[in-house]
file coords-v5.cif (mmCIF, C-alpha atoms)
data_data
loop_
_atom_site.label_atom_id
_atom_site.label_comp_id
_atom_site.auth_asym_id
_atom_site.auth_seq_id
_atom_site.Cartn_x
_atom_site.Cartn_y
_atom_site.Cartn_z
CA GLY A 835 0.00 0.00 0.00
CA ASP A 836 0.89 3.66 -0.06
CA SER A 837 3.25 4.92 2.59
CA VAL A 838 5.61 7.73 3.51
CA THR A 839 8.85 7.23 5.37
CA GLN A 840 10.30 10.26 6.99
CA MET A 841 13.59 10.98 8.66
CA GLU A 842 13.47 10.38 12.38
CA GLY A 843 13.85 13.34 14.66
CA PRO A 844 14.33 15.35 16.59
CA VAL A 845 16.72 17.55 14.67
CA THR A 846 18.57 20.38 16.39
CA LEU A 847 20.44 22.93 14.34
CA SER A 848 22.15 26.23 14.96
CA GLU A 849 20.73 29.31 13.29
CA GLU A 850 21.89 29.71 9.66
CA ALA A 851 22.72 26.01 9.32
CA PHE A 852 21.63 23.97 6.30
CA LEU A 853 18.59 21.78 6.75
CA THR A 854 17.70 18.51 5.08
CA ILE A 855 14.78 16.36 6.16
CA ASN A 856 14.54 13.16 4.16
CA CYS A 857 11.28 11.77 2.86
CA THR A 858 10.72 8.74 0.67
CA TYR A 859 7.46 7.28 -0.46
CA THR A 860 5.82 4.15 -1.80
CA ALA A 861 2.84 4.57 -4.08
CA THR A 862 1.42 3.33 -7.34
CA GLY A 863 0.98 5.73 -10.17
CA TYR A 864 1.91 9.37 -9.85
CA PRO A 865 1.07 10.76 -6.43
CA SER A 866 1.21 14.40 -5.45
CA LEU A 867 3.67 15.18 -2.67
CA PHE A 868 3.48 17.73 0.12
CA TRP A 869 5.32 19.14 3.07
CA TYR A 870 3.23 20.40 5.96
CA VAL A 871 4.53 22.31 8.98
CA GLN A 872 3.05 22.47 12.45
CA TYR A 873 4.14 25.33 14.70
CA PRO A 874 3.58 24.93 18.45
CA GLY A 875 -0.10 25.07 19.34
CA GLU A 876 -1.24 25.39 15.74
CA GLY A 877 -2.66 23.17 13.02
CA LEU A 878 -0.90 21.70 10.03
CA GLN A 879 -0.03 24.29 7.40
CA LEU A 880 0.81 23.49 3.82
CA LEU A 881 4.43 24.50 3.26
CA LEU A 882 4.95 23.37 -0.33
CA LYS A 883 3.83 20.82 -2.86
CA ALA A 884 4.77 19.12 -6.12
CA THR A 885 2.31 17.34 -8.35
CA LYS A 886 4.54 15.63 -10.91
CA ALA A 887 8.02 14.25 -11.34
CA ASP A 888 10.86 16.79 -11.37
CA ASP A 889 8.60 19.55 -10.04
CA LYS A 890 10.20 21.68 -7.37
CA GLY A 891 8.01 23.09 -4.66
CA SER A 892 9.26 26.12 -2.78
CA ASN A 893 8.05 28.49 -0.09
CA LYS A 894 9.63 30.63 2.65
CA GLY A 895 13.12 29.53 1.59
CA PHE A 896 12.25 25.84 1.78
CA GLU A 897 12.50 23.62 -1.30
CA ALA A 898 11.75 20.04 -2.23
CA THR A 899 12.07 18.28 -5.58
CA TYR A 900 9.85 15.40 -6.64
CA ARG A 901 12.30 12.63 -7.63
CA LYS A 902 10.45 9.69 -9.12
CA GLU A 903 13.62 7.72 -9.79
CA THR A 904 14.48 7.67 -6.08
CA THR A 905 10.86 8.05 -4.86
CA SER A 906 11.96 10.93 -2.69
CA PHE A 907 10.85 14.43 -1.74
CA HIS A 908 13.51 15.74 0.61
CA LEU A 909 12.97 19.09 2.29
CA GLU A 910 15.86 21.56 2.26
CA LYS A 911 16.58 25.05 3.45
CA GLY A 912 19.86 26.83 3.05
CA SER A 913 19.83 28.86 6.26
CA VAL A 914 17.40 28.07 9.05
CA GLN A 915 16.07 30.57 11.55
CA VAL A 916 14.82 30.17 15.10
CA SER A 917 11.31 30.81 13.78
CA ASP A 918 11.57 27.63 11.67
CA SER A 919 11.37 25.51 14.81
CA ALA A 920 8.34 23.28 14.25
CA VAL A 921 7.30 19.77 13.29
CA TYR A 922 7.54 18.98 9.57
CA PHE A 923 5.35 16.34 7.92
CA CYS A 924 5.84 14.79 4.51
CA ALA A 925 2.63 13.57 2.85
CA LEU A 926 1.36 12.08 -0.38
CA ARG A 927 -1.94 12.08 -2.16
CA ARG A 928 -2.32 9.25 -4.61
CA THR A 929 -3.87 9.69 -8.02
CA GLY A 930 -7.65 9.66 -7.91
CA ALA A 931 -7.91 9.99 -4.15
CA ASN A 932 -8.41 12.97 -1.89
CA ASN A 933 -7.00 11.80 1.42
CA LEU A 934 -3.39 12.32 2.46
CA PHE A 935 -0.90 9.75 3.74
CA PHE A 936 1.51 11.28 6.23
CA GLY A 937 4.94 10.49 7.52
CA THR A 938 5.61 10.47 11.24
CA GLY A 939 6.81 14.05 11.37
CA THR A 940 10.23 15.47 12.19
CA ARG A 941 10.66 17.95 15.00
CA LEU A 942 13.14 20.70 14.17
CA THR A 943 14.60 22.94 16.84
CA VAL A 944 16.79 25.84 15.77
CA ILE A 945 18.95 27.38 18.46
CA PRO A 946 20.40 30.90 18.30
CA GLU B 447 -7.02 34.71 5.72
CA PRO B 448 -9.77 32.09 6.04
CA GLU B 449 -9.02 29.25 8.41
CA VAL B 450 -10.45 26.00 9.69
CA THR B 451 -11.50 26.18 13.32
CA GLN B 452 -12.08 23.34 15.77
CA THR B 453 -13.71 23.10 19.17
CA PRO B 454 -12.97 22.20 21.84
CA SER B 455 -9.20 22.40 21.89
CA HIS B 456 -9.07 19.71 24.57
CA GLN B 457 -11.75 17.20 25.53
CA VAL B 458 -11.49 14.80 28.45
CA THR B 459 -14.04 12.02 28.64
CA GLN B 460 -14.57 8.73 30.37
CA MET B 461 -14.39 5.43 28.55
CA GLY B 462 -17.75 4.48 27.08
CA GLN B 463 -18.98 8.04 26.78
CA GLU B 464 -20.00 9.70 23.53
CA VAL B 465 -18.03 12.68 22.27
CA ILE B 466 -18.65 15.11 19.45
CA LEU B 467 -15.78 17.03 17.97
CA ARG B 468 -16.68 20.11 16.00
CA CYS B 469 -15.13 21.81 13.04
CA VAL B 470 -15.96 24.82 10.94
CA PRO B 471 -14.34 24.36 7.51
CA ILE B 472 -13.48 27.21 5.19
CA SER B 473 -16.75 28.50 3.83
CA ASN B 474 -16.37 27.87 0.09
CA HIS B 475 -14.68 24.50 0.43
CA LEU B 476 -16.45 21.37 -0.72
CA TYR B 477 -14.43 18.46 0.68
CA PHE B 478 -14.06 17.85 4.39
CA TYR B 479 -11.82 15.44 6.27
CA TRP B 480 -11.00 14.07 9.67
CA TYR B 481 -7.57 12.79 10.58
CA ARG B 482 -6.13 11.70 13.88
CA GLN B 483 -2.69 11.47 15.42
CA ILE B 484 -2.06 9.19 18.35
CA LEU B 485 0.81 10.56 20.42
CA GLY B 486 4.14 9.76 18.78
CA GLN B 487 2.55 8.16 15.73
CA LYS B 488 1.62 9.18 12.21
CA VAL B 489 -1.23 11.43 11.23
CA GLU B 490 -3.84 8.96 9.96
CA PHE B 491 -6.77 9.55 7.63
CA LEU B 492 -10.19 8.71 9.04
CA VAL B 493 -12.83 9.91 6.61
CA SER B 494 -13.63 12.32 3.81
CA PHE B 495 -17.00 13.90 3.15
CA TYR B 496 -18.38 15.47 0.02
CA ASN B 497 -21.84 16.48 -1.08
CA ASN B 498 -23.34 15.43 2.25
CA GLU B 499 -22.01 11.92 2.22
CA ILE B 500 -18.89 9.96 3.04
CA SER B 501 -16.65 9.70 -0.01
CA GLU B 502 -13.81 7.66 1.50
CA LYS B 503 -13.05 6.12 4.85
CA SER B 504 -10.21 4.17 6.37
CA GLU B 505 -10.35 0.93 8.29
CA ILE B 506 -10.06 2.96 11.48
CA PHE B 507 -13.43 4.56 10.80
CA ASP B 508 -15.65 1.77 12.12
CA ASP B 509 -19.24 1.79 13.36
CA GLN B 510 -18.24 3.74 16.46
CA PHE B 511 -17.52 6.78 14.33
CA SER B 512 -19.88 8.98 12.38
CA VAL B 513 -19.69 12.33 10.66
CA GLU B 514 -22.29 14.90 9.96
CA ARG B 515 -22.69 18.31 8.45
CA PRO B 516 -25.71 19.46 10.46
CA ASP B 517 -25.89 22.91 8.93
CA GLY B 518 -24.10 24.98 6.33
CA SER B 519 -21.03 25.62 8.43
CA ASN B 520 -20.29 22.87 10.95
CA PHE B 521 -18.73 19.47 10.34
CA THR B 522 -18.75 17.06 13.25
CA LEU B 523 -17.10 13.79 14.21
CA LYS B 524 -18.95 11.65 16.73
CA ILE B 525 -17.46 8.75 18.63
CA ARG B 526 -20.32 6.78 20.15
CA SER B 527 -18.56 4.85 22.90
CA THR B 528 -15.03 6.01 23.46
CA LYS B 529 -12.18 3.62 24.18
CA LEU B 530 -8.82 4.34 25.75
CA GLU B 531 -7.18 3.88 22.36
CA ASP B 532 -9.27 6.71 20.91
CA SER B 533 -7.08 9.16 22.83
CA ALA B 534 -5.41 11.23 20.13
CA MET B 535 -5.26 14.60 18.45
CA TYR B 536 -8.07 14.90 15.92
CA PHE B 537 -7.59 17.22 12.97
CA CYS B 538 -10.28 18.52 10.68
CA ALA B 539 -9.36 19.67 7.18
CA SER B 540 -11.13 21.15 4.19
CA ASP B 541 -10.22 21.32 0.55
CA GLY B 542 -11.10 23.88 -2.06
CA VAL B 543 -8.24 24.37 -4.45
CA PRO B 544 -7.25 20.92 -5.75
CA TYR B 545 -4.45 19.30 -3.77
CA GLU B 546 -4.43 21.89 -0.99
CA GLN B 547 -6.01 20.77 2.24
CA TYR B 548 -6.28 23.33 5.01
CA PHE B 549 -6.11 21.96 8.54
CA GLY B 550 -7.55 23.13 11.81
CA PRO B 551 -5.51 23.37 15.02
CA GLY B 552 -6.82 20.05 16.31
CA THR B 553 -8.78 18.75 19.28
CA ARG B 554 -6.88 16.74 21.84
CA LEU B 555 -9.13 13.92 23.05
CA THR B 556 -8.18 12.21 26.29
CA VAL B 557 -10.16 9.12 27.26
CA THR B 558 -9.75 8.04 30.88
#
call {"tool": "encode", "arguments": {"input": "coords-v5.cif", "output": "structure tokens"}}
result
Amino acid sequence: GDSVTQMEGPVTLSEEAFLTINCTYTATGYPSLFWYVQYPGEGLQLLLKATKADDKGSNKGFEATYRKETTSFHLEKGSVQVSDSAVYFCALRRTGANNLFFGTGTRLTVIP
Amino acid sequence: EPEVTQTPSHQVTQMGQEVILRCVPISNHLYFYWYRQILGQKVEFLVSFYNNEISEKSEIFDDQFSVERPDGSNFTLKIRSTKLEDSAMYFCASDGVPYEQYFGPGTRLTVT
């Protein structure tokens, strides 16, 4: 069945460090891929998405590229800030369906 | 910016009791969802709702669960007889633009 495997956390980085959170998926067909972020006390917010192979989603300095050959959608940011501290969820939506499959989430803490 | 709201933020109930979790989706959205996240585990899809009926549901969504859109704004999840294992964070989401689900802040359900 469909699934998302996400890098285990927690991740602690110093401000301005480079961030990578790995995400790989298993799905038939051509799913759409998403990164959601959850700030403390808030709901899940869509961070970025990609709907087909080789698409790059980007938002707020974060990027992720849909790699069908490696079934991956790794999240990257060149220089993290304290305000990026949150839990990050990778998710997929398979073709023809509406519901999302989520990874376990990765907690990021950025220290000054 | 429009947002999905959920009430209550925290619900404590005794095993065997009925609970109703409430959500107000974004007003022009057409698809509505419930997800849950047991502490430390993945966010899991429960059910999707469109045009006043369930469009998809997971194996978690058994006869103890029901959903309803009682009026033009609210979307509710009812658990008829709660079990200890129902303790989780429950997220409501709604979907207007294709492939972009907007999530509420969640209701933490604690069953004692």
call {"tool": "resolve_selection", "arguments": {"input": "coords-v5.cif", "expression": "the PyMOL selection byres ((chain A) within 10 of (chain B))", "output": "MDAnalysis selection string"}}
result
chainID A and resid 838 866:868 870 872:880 882:885 923 925:927 931:939
call {"tool": "atom_distance", "arguments": {"input": "coords-v5.cif", "atom1": "CA of Arg901 (chain A)", "atom2": "CA of Asp889 (chain A)"}}
result
8.2 Å
call {"tool": "closest_residue", "arguments": {"input": "coords-v5.cif", "among": "B:Gly462, B:Pro454, B:Pro448, B:Pro471", "to": "Val557 (chain B)", "atoms": "all atoms listed in the file"}}
result
B:Gly462
call {"tool": "resolve_selection", "arguments": {"input": "coords-v5.cif", "expression": "the PyMOL selection byres ((chain A and resi 843-848) around 10)", "output": "list in words"}}
result
Gln840, Met841, Glu842, Glu849, Glu850, Ala851, Phe852, Leu853, Thr854, Ile855, Ser913, Val914, Gln915, Val916, Ser919, Val921, Tyr922, Thr938, Gly939, Thr940, Arg941, Leu942, Thr943, Val944, Ile945 and Pro946 of chain A
call {"tool": "atom_distance", "arguments": {"input": "coords-v5.cif", "atom1": "CA of Ala898 (chain A)", "atom2": "CA of Leu476 (chain B)"}}
result
28.3 Å
call {"tool": "decode", "arguments": {"input": "coords-v5.cif", "residues": "region 525-541 of chain B", "atoms": "N, CA, C and O atoms", "output": "short mmCIF file (atom, residue, chain, number, x, y, z; two decimals), in the first residue's frame"}}
result
data_model
loop_
_atom_site.label_atom_id
_atom_site.label_comp_id
_atom_site.auth_asym_id
_atom_site.auth_seq_id
_atom_site.Cartn_x
_atom_site.Cartn_y
_atom_site.Cartn_z
N ILE B 525 -17.91 10.09 18.20
CA ILE B 525 -17.46 8.75 18.63
C ILE B 525 -18.48 8.28 19.65
O ILE B 525 -18.66 8.92 20.69
N ARG B 526 -19.15 7.18 19.36
CA ARG B 526 -20.32 6.78 20.15
C ARG B 526 -19.94 6.28 21.53
O ARG B 526 -20.57 6.62 22.52
N SER B 527 -18.95 5.45 21.62
CA SER B 527 -18.56 4.85 22.90
C SER B 527 -17.04 4.82 22.93
O SER B 527 -16.42 3.91 22.38
N THR B 528 -16.48 5.83 23.56
CA THR B 528 -15.03 6.01 23.46
C THR B 528 -14.26 4.90 24.17
O THR B 528 -14.70 4.35 25.20
N LYS B 529 -13.10 4.58 23.59
CA LYS B 529 -12.18 3.62 24.18
C LYS B 529 -10.88 4.35 24.54
O LYS B 529 -10.61 5.44 24.03
N LEU B 530 -10.10 3.72 25.38
CA LEU B 530 -8.82 4.34 25.75
C LEU B 530 -7.98 4.63 24.52
O LEU B 530 -7.32 5.68 24.44
N GLU B 531 -8.01 3.72 23.55
CA GLU B 531 -7.18 3.88 22.36
C GLU B 531 -7.68 4.96 21.40
O GLU B 531 -7.03 5.23 20.38
N ASP B 532 -8.81 5.57 21.70
CA ASP B 532 -9.27 6.71 20.91
C ASP B 532 -8.57 8.01 21.32
O ASP B 532 -8.74 9.05 20.66
N SER B 533 -7.82 7.96 22.39
CA SER B 533 -7.08 9.16 22.83
C SER B 533 -6.09 9.56 21.74
O SER B 533 -5.25 8.76 21.33
N ALA B 534 -6.22 10.77 21.25
CA ALA B 534 -5.41 11.23 20.13
C ALA B 534 -5.70 12.70 19.89
O ALA B 534 -6.61 13.28 20.49
N MET B 535 -4.94 13.28 18.98
CA MET B 535 -5.26 14.60 18.45
C MET B 535 -6.06 14.38 17.18
O MET B 535 -5.64 13.62 16.31
N TYR B 536 -7.21 15.04 17.08
CA TYR B 536 -8.07 14.90 15.92
C TYR B 536 -8.03 16.20 15.12
O TYR B 536 -8.30 17.28 15.65
N PHE B 537 -7.69 16.07 13.85
CA PHE B 537 -7.59 17.22 12.97
C PHE B 537 -8.72 17.19 11.94
O PHE B 537 -8.96 16.16 11.32
N CYS B 538 -9.33 18.33 11.76
CA CYS B 538 -10.28 18.52 10.68
C CYS B 538 -9.56 19.25 9.54
O CYS B 538 -8.65 20.06 9.80
N ALA B 539 -9.95 18.97 8.32
CA ALA B 539 -9.36 19.67 7.18
C ALA B 539 -10.44 19.92 6.13
O ALA B 539 -11.46 19.21 6.10
N SER B 540 -10.23 20.93 5.31
CA SER B 540 -11.13 21.15 4.19
C SER B 540 -10.32 21.50 2.95
O SER B 540 -9.15 21.90 3.04
N ASP B 541 -10.93 21.33 1.82
CA ASP B 541 -10.22 21.32 0.55
C ASP B 541 -11.03 22.09 -0.47
O ASP B 541 -12.17 21.75 -0.74
#
